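Following: one structure in structure tokens, then a few remarks.
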Amino acid sequence: MNDYRPDPDALLDKIQREDAKQQRGYLKIFFGACAGVGKTYAMLNAAHLQKQKGVDVVIGIVETHGRQDTIQIAQGIDILPAQQIHYKDRTLSEFDLDAALLRRPGLLLVDELAHSNVAGSRHAKRWQDVEELLAAGIDVYTTVNVQHLETLNDVVGQITGIRVWETVPDKIFDLADEITLVDLPPDELLRRLKEGKVYLEHQAQRAAKNFFRKGNLIALRELALRRTADQVDVQMRDYRADQAIHQVWQAKERLLVCIGPDASASKLVRGAARLAASLRADWIAVYVETPKLAKRKAGQQDAILKALKLAQELGAETTTLAGDNLASLLLSYARSRNASKLVIGKSLRPAWTRLLRTSLADELASRSTDIDVVMVGHDLSVQDSERHTESNHIDLEQEQRTPLSDYLWTIVICLAATLLSAGLTQVFDLANVVMLYLLAVVFVAIQFRRGASILASFLSVASFDYFFVPPRFSFSVSDSQYLFTFVIMLAVSLTISKLMTNLRFQAQVALYRERRADALYTMSKALSGALMVEQIIEIGVNHLAPVFQARVAILLPDSHDKIRQPLAETAQPDPMQAMLLSTLDTSVAQWVYDHHQSAGLGTQTLPSNAVLYLPLRAPMRTRGVLAIAPKDTRQIFQPEQQQLLDTFAAQIALALERVHYVDVAQDALISMEAERMRNALLSAISHDLRTPLTAIVGLASTLNEQADLAPPKRAELSLAIHDEALRMSGLVVNLLDMARLQSGKVTLNQQWQPLEEVVGSALRACQHSLQGHGLKTAIPADLPLLYFDAVLMERVLCNLLENAAKYGRTQIQITAQADTEFVHLSVLDDGPGLPAGVNIFEKFTRGELEAASPGVGLGLAICESIVLAHSGKIVASNRPDGGAQFTVSLPLGNAPPLPPMIEDELE
């Protein structure tokens, strides 16, 4: 009979995964050690089998590389036309994702999963195309080599000396529904290479001397076999979890070694490592924290941490579990990880003690019918150390004994229960009095430590016997049945005290884990809102320091990848933090940054250093170094604390990379905008300056070559040359004005003066530009004086008038009016109006008729800059009856009174 109950959350997760899997396409990967093993051929062969079953099979993209056998087997399957993409004066063929989605075949063949698409494609990588196909419900067959997997890319590079830059994330490989390993012995592959079945002749000779050496092929083959085996193992574990199978399937050897607090833990770890190496098995080192083992000295804690660290260095996966039943917890975890062997240390307890209490080895052996239990022996020296450890453990229990105040309170509570029971014996039977004493035991167990609850158990039994059981006020018993009551009462009391102690321990473990989760959440939330590197440093230091009881600093590289001292002081102005910043070794931090490995305290590199240096590894690169100096090394070298520290470091690295790429994106936008403005300026200047220059050169040549021109014709040509030169001068003046305004070197020469004088001078300056247009002015004579720079304001009006003449048809109007704060001067035209959604005051922005109207697009931008310098504002809008209206608003201010003579002249 199966004693396991299904987990409701697991069942719900299973249903959701099955539902998502039904909606998603089926992914099958043909996996090989390297090119030439026959992945594409095997994929096409499998596709023919599916086509024979009536499946609609289509080739999306297949790279034959000129191999005749591959070309022949591809015949008979529909081929999707390739997409033609123009790139650098060439036309390249790429997989057409949109056509595949529109065609929606039952099975699509997409070769070379790691391929990088040509710029201009929807996705940068082909595996991203495959993801979209799967999301659309299309089944996909694809191929990939072991060197293209992201986690194995650097390993293959070290073996072969050749780094492949096209990679596939391991998550895509792990999400595959089926992995088919296409394997070929190295000698057979070398023979195919020599026969030209892998590459062309000149390529094959070069490959045989480099990548395709026999040693490389053997190593790559082993990597491919191991990676496939890992994937199959994951699928088997998922199947066991889905089917609620708790029995271990020993399809692959996996060892689980249980580390204890004794001095022989290191020997146990080394023995497990040798056993795992001989079996070529994965292994996991586990330490189980029980309420009893939680009461240990610092020396024992250091021994446990040392053993776990040794296991990690020897290649084990380490973890810490918490519970009260060691055997049950170990077996449950071993079955969840499909471990085939449990490795434990041989018990040093005397044989006669097993009569009182079953050893862990005996309990595991009796309950683990599907898991082998392996015991590792001890040396004599280790036995002496173990005895010393046991004596320390006894001393520790004495040192951690319950305080005297807890015992006193326990006596008071039992006395209160006795007094209360004495008043209730007139109403209730003695059986109900027992319940009252049990309630007192529960209360003591909740409030105080285990020693007090044990005392409460014995006091309750003794008080009940002495005060209430006949004969009263005596420990003698007249009825032997009360002896059974005493035994049951004592057993229940002791059980309650033990359960409450275990419950308190579990609550402490839950509280600790809740604090870890809360620390991660708080830091993640804070980092998500950080916009500057200084903020990330401050957040990281302020969150890590209290969690790990340590002094923390974050060191970042400069533009030359040289580690420098921390950028900013932290928010903790304590002298210990200042001491850490002054003693940081930037040379060690530089080594960590360059080699992407930890160094310093507790590592293999410079272990005598008091500071632990961790690389801040982000997905793209290492972003800096985290320096942490703990007050107690146990705060960071416990497995859970190490995982927490690694998670914190990863979050900080991701935040630094995010801010870096935000800066990169901003710089790119600024560069793009600057490039756009530069191109617009060069385009406008090259066009608008070349046009008048061409006219001037042509007109001057006519004057020079045709000496017999009539005086009227000669005067006309001279006037045309003069007009074109003025036009060039206007363009240059606009460019110079904008440069001066942007540099901030323009000094306003403001004076109190009437607005109509500036309007008149602007009309005279633009007389030539306004020819052919009707002009109406409506400026009241009683406008107040305004405080402005006459030269710059004339420039504003000239630009507005020239703009109106350029885009207007027949009529231009100038109006002015005053209110309580501003004088509003408007220039109106009857042209096509302003384009929608365009900031007309932006530099190099022009209207809809720019092709027919010369100009750089700086006139209105200059107007806005000058008006803003006068604390005014300029607004552009479309008129209801057609045309554009530009309104310049200048502040009134407190104008000085006019002299009497000027007032009489004005009247």
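Following the order of the structure tokens, first chain is A, next is B, and so on, with residues numbered from 1 inside each chain and ligands from 1 in the order they appear.
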**Message:** Which residues are close to Gln771 of chain A, i.e. within 12 Å by only C-alpha atoms, leaving aside same-chain residues fewer than 5 positions away? Reply as a list in words.
**Reply:**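 The residues satisfying every condition are Leu763, Arg764, Ala765, Cys766, Leu801, Glu802, Ala804, Ala805, Lys806, Gly808, Arg809, Thr810, Gln811 and Ile812 of chain A.
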Selection above as a file: N, CA, C and O atoms, as a PDB file, in the first residue's frame:
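Result file is result_3.pdb:
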ATOM      1  N   LEU A 763      10.545  95.014 -41.666  1.00  0.00           N
ATOM      2  CA  LEU A 763       9.892  95.082 -42.981  1.00  0.00           C
ATOM      3  C   LEU A 763      10.844  95.645 -44.035  1.00  0.00           C
ATOM      4  O   LEU A 763      10.851  95.176 -45.182  1.00  0.00           O
ATOM      5  N   ARG A 764      11.653  96.627 -43.646  1.00  0.00           N
ATOM      6  CA  ARG A 764      12.609  97.170 -44.616  1.00  0.00           C
ATOM      7  C   ARG A 764      13.674  96.129 -44.958  1.00  0.00           C
ATOM      8  O   ARG A 764      14.087  96.012 -46.121  1.00  0.00           O
ATOM      9  N   ALA A 765      14.132  95.341 -43.979  1.00  0.00           N
ATOM     10  CA  ALA A 765      15.158  94.336 -44.243  1.00  0.00           C
ATOM     11  C   ALA A 765      14.629  93.207 -45.122  1.00  0.00           C
ATOM     12  O   ALA A 765      15.398  92.596 -45.878  1.00  0.00           O
ATOM     13  N   CYS A 766      13.324  92.929 -45.019  1.00  0.00           N
ATOM     14  CA  CYS A 766      12.736  91.808 -45.779  1.00  0.00           C
ATOM     15  C   CYS A 766      11.986  92.289 -47.009  1.00  0.00           C
ATOM     16  O   CYS A 766      11.145  91.546 -47.548  1.00  0.00           O
ATOM     17  N   LEU A 801       8.828  86.618 -41.052  1.00  0.00           N
ATOM     18  CA  LEU A 801       8.338  87.180 -42.321  1.00  0.00           C
ATOM     19  C   LEU A 801       8.845  86.379 -43.512  1.00  0.00           C
ATOM     20  O   LEU A 801       8.099  86.129 -44.469  1.00  0.00           O
ATOM     21  N   GLU A 802      10.115  85.990 -43.478  1.00  0.00           N
ATOM     22  CA  GLU A 802      10.641  85.180 -44.578  1.00  0.00           C
ATOM     23  C   GLU A 802       9.948  83.829 -44.639  1.00  0.00           C
ATOM     24  O   GLU A 802       9.697  83.291 -45.719  1.00  0.00           O
ATOM     25  N   ALA A 804       6.837  83.288 -43.687  1.00  0.00           N
ATOM     26  CA  ALA A 804       5.502  83.547 -44.222  1.00  0.00           C
ATOM     27  C   ALA A 804       5.558  83.766 -45.723  1.00  0.00           C
ATOM     28  O   ALA A 804       4.674  83.321 -46.467  1.00  0.00           O
ATOM     29  N   ALA A 805       6.600  84.451 -46.191  1.00  0.00           N
ATOM     30  CA  ALA A 805       6.736  84.678 -47.630  1.00  0.00           C
ATOM     31  C   ALA A 805       7.047  83.394 -48.369  1.00  0.00           C
ATOM     32  O   ALA A 805       6.626  83.198 -49.519  1.00  0.00           O
ATOM     33  N   LYS A 806       7.772  82.491 -47.716  1.00  0.00           N
ATOM     34  CA  LYS A 806       8.175  81.246 -48.365  1.00  0.00           C
ATOM     35  C   LYS A 806       6.984  80.316 -48.548  1.00  0.00           C
ATOM     36  O   LYS A 806       6.825  79.666 -49.576  1.00  0.00           O
ATOM     37  N   GLY A 808       3.531  81.237 -47.650  1.00  0.00           N
ATOM     38  CA  GLY A 808       2.262  81.907 -47.920  1.00  0.00           C
ATOM     39  C   GLY A 808       2.010  82.072 -49.414  1.00  0.00           C
ATOM     40  O   GLY A 808       2.920  81.989 -50.233  1.00  0.00           O
ATOM     41  N   ARG A 809       0.727  82.365 -49.722  1.00  0.00           N
ATOM     42  CA  ARG A 809       0.382  82.488 -51.145  1.00  0.00           C
ATOM     43  C   ARG A 809       0.340  83.952 -51.582  1.00  0.00           C
ATOM     44  O   ARG A 809       1.098  84.368 -52.443  1.00  0.00           O
ATOM     45  N   THR A 810      -0.567  84.737 -50.994  1.00  0.00           N
ATOM     46  CA  THR A 810      -0.732  86.118 -51.467  1.00  0.00           C
ATOM     47  C   THR A 810      -0.692  87.150 -50.343  1.00  0.00           C
ATOM     48  O   THR A 810      -0.191  88.254 -50.539  1.00  0.00           O
ATOM     49  N   GLN A 811      -1.213  86.821 -49.174  1.00  0.00           N
ATOM     50  CA  GLN A 811      -1.438  87.832 -48.144  1.00  0.00           C
ATOM     51  C   GLN A 811      -0.680  87.497 -46.870  1.00  0.00           C
ATOM     52  O   GLN A 811      -0.688  86.339 -46.405  1.00  0.00           O
ATOM     53  N   ILE A 812      -0.020  88.514 -46.266  1.00  0.00           N
ATOM     54  CA  ILE A 812       0.680  88.388 -44.988  1.00  0.00           C
ATOM     55  C   ILE A 812       0.172  89.487 -44.070  1.00  0.00           C
ATOM     56  O   ILE A 812       0.037  90.645 -44.484  1.00  0.00           O
TER      57      ILE A 812
END
Just want the 7 Å neighbourhood of Leu184 of chain A, counted on only C-alpha atoms, with same-chain residues fewer than 4 positions away dropped. Output as a list in words.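 The residues that qualify are Val37, Glu188 and Leu189 of chain A.
Our summary of the geometry notes that atom CA of Asn145 of chain A is positioned 18.4 Å from atom CA of Asp187 of chain A.
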Quiz item: Tell me, which residues of segment 535-627 of chain A carry DSSP strand (DSSP E or B), written as a VMD selection string?
Solution: chain A and resid 550 to 555 557 563 599 to 600 612 to 617 622 to 627
In Å and to one decimal, atom CA of Gly106 of chain A is distant from atom CA of Ile73 of chain A by 19.4 Å
Tell me which protein, DNA and RNA residues are within 12 Å of Arg879 of chain A, counting only C-alpha atoms, leaving out same-chain ones fewer than 3 positions away, and put them as a PDB file with all heavy atoms, in the first residue's frame.
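File written: result_14.pdb
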ATOM      1  N   SER A 826       1.759  88.945 -33.747  1.00  0.00           N
ATOM      2  CA  SER A 826       1.435  87.779 -34.565  1.00  0.00           C
ATOM      3  C   SER A 826       1.771  88.048 -36.023  1.00  0.00           C
ATOM      4  O   SER A 826       1.559  89.156 -36.529  1.00  0.00           O
ATOM      5  CB  SER A 826      -0.046  87.422 -34.440  1.00  0.00           C
ATOM      6  OG  SER A 826      -0.371  87.103 -33.100  1.00  0.00           O
ATOM      7  N   VAL A 827       2.284  87.006 -36.707  1.00  0.00           N
ATOM      8  CA  VAL A 827       2.541  87.032 -38.149  1.00  0.00           C
ATOM      9  C   VAL A 827       1.692  85.927 -38.758  1.00  0.00           C
ATOM     10  O   VAL A 827       1.830  84.755 -38.385  1.00  0.00           O
ATOM     11  CB  VAL A 827       4.033  86.819 -38.456  1.00  0.00           C
ATOM     12  CG1 VAL A 827       4.256  86.793 -39.970  1.00  0.00           C
ATOM     13  CG2 VAL A 827       4.877  87.908 -37.822  1.00  0.00           C
ATOM     14  N   LEU A 828       0.795  86.302 -39.681  1.00  0.00           N
ATOM     15  CA  LEU A 828      -0.168  85.362 -40.252  1.00  0.00           C
ATOM     16  C   LEU A 828       0.048  85.265 -41.759  1.00  0.00           C
ATOM     17  O   LEU A 828       0.373  86.256 -42.423  1.00  0.00           O
ATOM     18  CB  LEU A 828      -1.604  85.796 -39.970  1.00  0.00           C
ATOM     19  CG  LEU A 828      -2.013  85.988 -38.503  1.00  0.00           C
ATOM     20  CD1 LEU A 828      -1.713  87.426 -38.058  1.00  0.00           C
ATOM     21  CD2 LEU A 828      -3.480  85.685 -38.305  1.00  0.00           C
ATOM     22  N   ASP A 829      -0.125  84.050 -42.304  1.00  0.00           N
ATOM     23  CA  ASP A 829      -0.041  83.849 -43.751  1.00  0.00           C
ATOM     24  C   ASP A 829      -1.237  83.024 -44.200  1.00  0.00           C
ATOM     25  O   ASP A 829      -2.021  82.528 -43.379  1.00  0.00           O
ATOM     26  CB  ASP A 829       1.285  83.178 -44.138  1.00  0.00           C
ATOM     27  CG  ASP A 829       1.438  81.786 -43.561  1.00  0.00           C
ATOM     28  OD1 ASP A 829       0.544  80.939 -43.794  1.00  0.00           O
ATOM     29  OD2 ASP A 829       2.442  81.523 -42.862  1.00  0.00           O
ATOM     30  N   ASP A 830      -1.388  82.874 -45.506  1.00  0.00           N
ATOM     31  CA  ASP A 830      -2.498  82.114 -46.077  1.00  0.00           C
ATOM     32  C   ASP A 830      -1.998  80.876 -46.814  1.00  0.00           C
ATOM     33  O   ASP A 830      -2.564  80.480 -47.827  1.00  0.00           O
ATOM     34  CB  ASP A 830      -3.325  83.005 -47.021  1.00  0.00           C
ATOM     35  CG  ASP A 830      -2.468  83.597 -48.133  1.00  0.00           C
ATOM     36  OD1 ASP A 830      -1.215  83.419 -48.091  1.00  0.00           O
ATOM     37  OD2 ASP A 830      -3.028  84.226 -49.040  1.00  0.00           O
ATOM     38  N   GLY A 831      -0.930  80.276 -46.295  1.00  0.00           N
ATOM     39  CA  GLY A 831      -0.338  79.098 -46.923  1.00  0.00           C
ATOM     40  C   GLY A 831      -1.040  77.807 -46.535  1.00  0.00           C
ATOM     41  O   GLY A 831      -2.172  77.804 -46.039  1.00  0.00           O
ATOM     42  N   PRO A 832      -0.357  76.662 -46.692  1.00  0.00           N
ATOM     43  CA  PRO A 832      -0.963  75.349 -46.401  1.00  0.00           C
ATOM     44  C   PRO A 832      -1.088  75.048 -44.911  1.00  0.00           C
ATOM     45  O   PRO A 832      -1.710  74.054 -44.541  1.00  0.00           O
ATOM     46  CB  PRO A 832      -0.006  74.369 -47.083  1.00  0.00           C
ATOM     47  CG  PRO A 832       1.312  75.061 -47.071  1.00  0.00           C
ATOM     48  CD  PRO A 832       1.004  76.535 -47.246  1.00  0.00           C
ATOM     49  N   GLY A 833      -0.504  75.869 -44.057  1.00  0.00           N
ATOM     50  CA  GLY A 833      -0.592  75.604 -42.628  1.00  0.00           C
ATOM     51  C   GLY A 833       0.543  74.716 -42.137  1.00  0.00           C
ATOM     52  O   GLY A 833       1.462  74.354 -42.888  1.00  0.00           O
ATOM     53  N   LEU A 834       0.481  74.367 -40.882  1.00  0.00           N
ATOM     54  CA  LEU A 834       1.542  73.589 -40.242  1.00  0.00           C
ATOM     55  C   LEU A 834       1.259  72.096 -40.370  1.00  0.00           C
ATOM     56  O   LEU A 834       0.113  71.662 -40.283  1.00  0.00           O
ATOM     57  CB  LEU A 834       1.638  73.958 -38.757  1.00  0.00           C
ATOM     58  CG  LEU A 834       1.903  75.433 -38.448  1.00  0.00           C
ATOM     59  CD1 LEU A 834       1.864  75.668 -36.949  1.00  0.00           C
ATOM     60  CD2 LEU A 834       3.233  75.877 -39.016  1.00  0.00           C
ATOM     61  N   ALA A 876       2.987  78.489 -32.400  1.00  0.00           N
ATOM     62  CA  ALA A 876       2.574  78.331 -33.796  1.00  0.00           C
ATOM     63  C   ALA A 876       1.267  77.556 -33.837  1.00  0.00           C
ATOM     64  O   ALA A 876       1.079  76.593 -33.087  1.00  0.00           O
ATOM     65  CB  ALA A 876       3.647  77.594 -34.592  1.00  0.00           C
ATOM     66  N   GLY A 882      -7.470  78.782 -42.903  1.00  0.00           N
ATOM     67  CA  GLY A 882      -6.316  78.351 -43.686  1.00  0.00           C
ATOM     68  C   GLY A 882      -5.111  79.229 -43.447  1.00  0.00           C
ATOM     69  O   GLY A 882      -5.224  80.440 -43.267  1.00  0.00           O
ATOM     70  N   GLY A 883      -3.936  78.590 -43.425  1.00  0.00           N
ATOM     71  CA  GLY A 883      -2.718  79.334 -43.194  1.00  0.00           C
ATOM     72  C   GLY A 883      -2.175  79.090 -41.798  1.00  0.00           C
ATOM     73  O   GLY A 883      -2.777  78.405 -40.981  1.00  0.00           O
ATOM     74  N   ALA A 884      -1.027  79.693 -41.548  1.00  0.00           N
ATOM     75  CA  ALA A 884      -0.352  79.522 -40.268  1.00  0.00           C
ATOM     76  C   ALA A 884      -0.273  80.849 -39.534  1.00  0.00           C
ATOM     77  O   ALA A 884      -0.282  81.918 -40.148  1.00  0.00           O
ATOM     78  CB  ALA A 884       1.048  78.957 -40.476  1.00  0.00           C
ATOM     79  N   GLN A 885      -0.195  80.774 -38.216  1.00  0.00           N
ATOM     80  CA  GLN A 885      -0.086  81.962 -37.377  1.00  0.00           C
ATOM     81  C   GLN A 885       0.994  81.734 -36.338  1.00  0.00           C
ATOM     82  O   GLN A 885       0.964  80.763 -35.598  1.00  0.00           O
ATOM     83  CB  GLN A 885      -1.416  82.276 -36.690  1.00  0.00           C
ATOM     84  CG  GLN A 885      -1.341  83.443 -35.710  1.00  0.00           C
ATOM     85  CD  GLN A 885      -2.685  83.763 -35.090  1.00  0.00           C
ATOM     86  OE1 GLN A 885      -3.732  83.408 -35.657  1.00  0.00           O
ATOM     87  NE2 GLN A 885      -2.684  84.442 -33.960  1.00  0.00           N
ATOM     88  N   PHE A 886       1.977  82.636 -36.288  1.00  0.00           N
ATOM     89  CA  PHE A 886       3.049  82.606 -35.309  1.00  0.00           C
ATOM     90  C   PHE A 886       2.885  83.797 -34.383  1.00  0.00           C
ATOM     91  O   PHE A 886       2.840  84.944 -34.860  1.00  0.00           O
ATOM     92  CB  PHE A 886       4.418  82.632 -35.988  1.00  0.00           C
ATOM     93  CG  PHE A 886       4.736  81.389 -36.784  1.00  0.00           C
ATOM     94  CD1 PHE A 886       4.312  81.258 -38.103  1.00  0.00           C
ATOM     95  CD2 PHE A 886       5.432  80.345 -36.211  1.00  0.00           C
ATOM     96  CE1 PHE A 886       4.596  80.125 -38.828  1.00  0.00           C
ATOM     97  CE2 PHE A 886       5.719  79.208 -36.934  1.00  0.00           C
ATOM     98  CZ  PHE A 886       5.299  79.084 -38.243  1.00  0.00           C
ATOM     99  N   THR A 887       2.818  83.542 -33.081  1.00  0.00           N
ATOM    100  CA  THR A 887       2.584  84.592 -32.100  1.00  0.00           C
ATOM    101  C   THR A 887       3.755  84.646 -31.131  1.00  0.00           C
ATOM    102  O   THR A 887       4.076  83.643 -30.483  1.00  0.00           O
ATOM    103  CB  THR A 887       1.288  84.356 -31.314  1.00  0.00           C
ATOM    104  OG1 THR A 887       0.191  84.299 -32.250  1.00  0.00           O
ATOM    105  CG2 THR A 887       1.045  85.471 -30.316  1.00  0.00           C
TER     106      THR A 887
END
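Excluding Asp154 of chain A itself and same-chain residues fewer than 6 positions from it, the residues having an atom within 10 Å of it are Gln147, His148, Thr160, Gly161, Ile162, Arg163, Val164 and Trp165 of chain A, counting only C-alpha atoms.
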A straight line from atom CA of Ala229 of chain A to atom CA of Gly38 of chain A spans 19.6 Å
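Between Val376 of chain A and the residues A:Gln72, A:Ser336, A:Thr64, A:Ser264, the shortest atom-to-atom distance, using only C-alpha atoms, involves A:Ser264.
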Can you tell me which residues surround Leu181 of chain A at a distance of at most 8 Å, considering only C-alpha atoms, apart from same-chain residues fewer than 3 positions away, and format the answer as a tab-separated table (two decimals) with N, CA, C and O atoms, in the first residue's frame?
chain	number	residue	atom	x	y	z
A	30	PHE	N	17.91	16.99	-33.07
A	30	PHE	CA	18.90	15.99	-33.46
A	30	PHE	C	20.25	16.53	-33.05
A	30	PHE	O	20.75	17.51	-33.60
A	31	PHE	N	20.84	15.87	-32.06
A	31	PHE	CA	22.00	16.40	-31.34
A	31	PHE	C	23.24	15.61	-31.70
A	31	PHE	O	23.20	14.36	-31.77
A	32	GLY	N	24.34	16.30	-31.94
A	32	GLY	CA	25.57	15.62	-32.31
A	32	GLY	C	26.79	16.26	-31.70
A	32	GLY	O	26.74	17.38	-31.18
A	224	ALA	N	28.79	15.23	-25.64
A	224	ALA	CA	27.46	15.05	-26.22
A	224	ALA	C	26.71	13.91	-25.53
A	224	ALA	O	25.51	14.02	-25.23
A	225	LEU	N	27.42	12.82	-25.26
A	225	LEU	CA	26.77	11.69	-24.58
A	225	LEU	C	26.33	12.08	-23.17
A	225	LEU	O	25.21	11.75	-22.73
A	228	THR	N	23.33	14.50	-23.27
A	228	THR	CA	22.10	13.77	-23.61
A	228	THR	C	21.62	12.96	-22.42
A	228	THR	O	20.41	12.91	-22.13
#### Entry: alpha helix (DSSP H) positions in segment 433-632 of chain A, given as a PyMOL selection string
chain A and resi 433-447+450-467+481-528+533-548+575-583+586-595
Q | Shell around Ser476 of chain A at 12 Å using only C-alpha atoms, local window under 3 positions removed, as number ranges by chain | A | A: 462, 464-473, 479-480, 482-483
Practice task
For segment 401-418 of chain A, work out the shell of residues within 12 Å, counting only C-alpha atoms and skipping chain neighbours fewer than 2 positions away, then give it as an MDAnalysis selection string.
Solution key: chainID A and resid 295 394:399 420:425 433:468
Considering only C-alpha atoms, can you say which of A:Phe486, A:Tyr521, A:Phe841, A:Tyr41 comes closest to Gln651 of chain A?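 Between A:Phe486, A:Tyr521, A:Phe841, A:Tyr41, the residue approaching Gln651 of chain A most closely is A:Tyr521.
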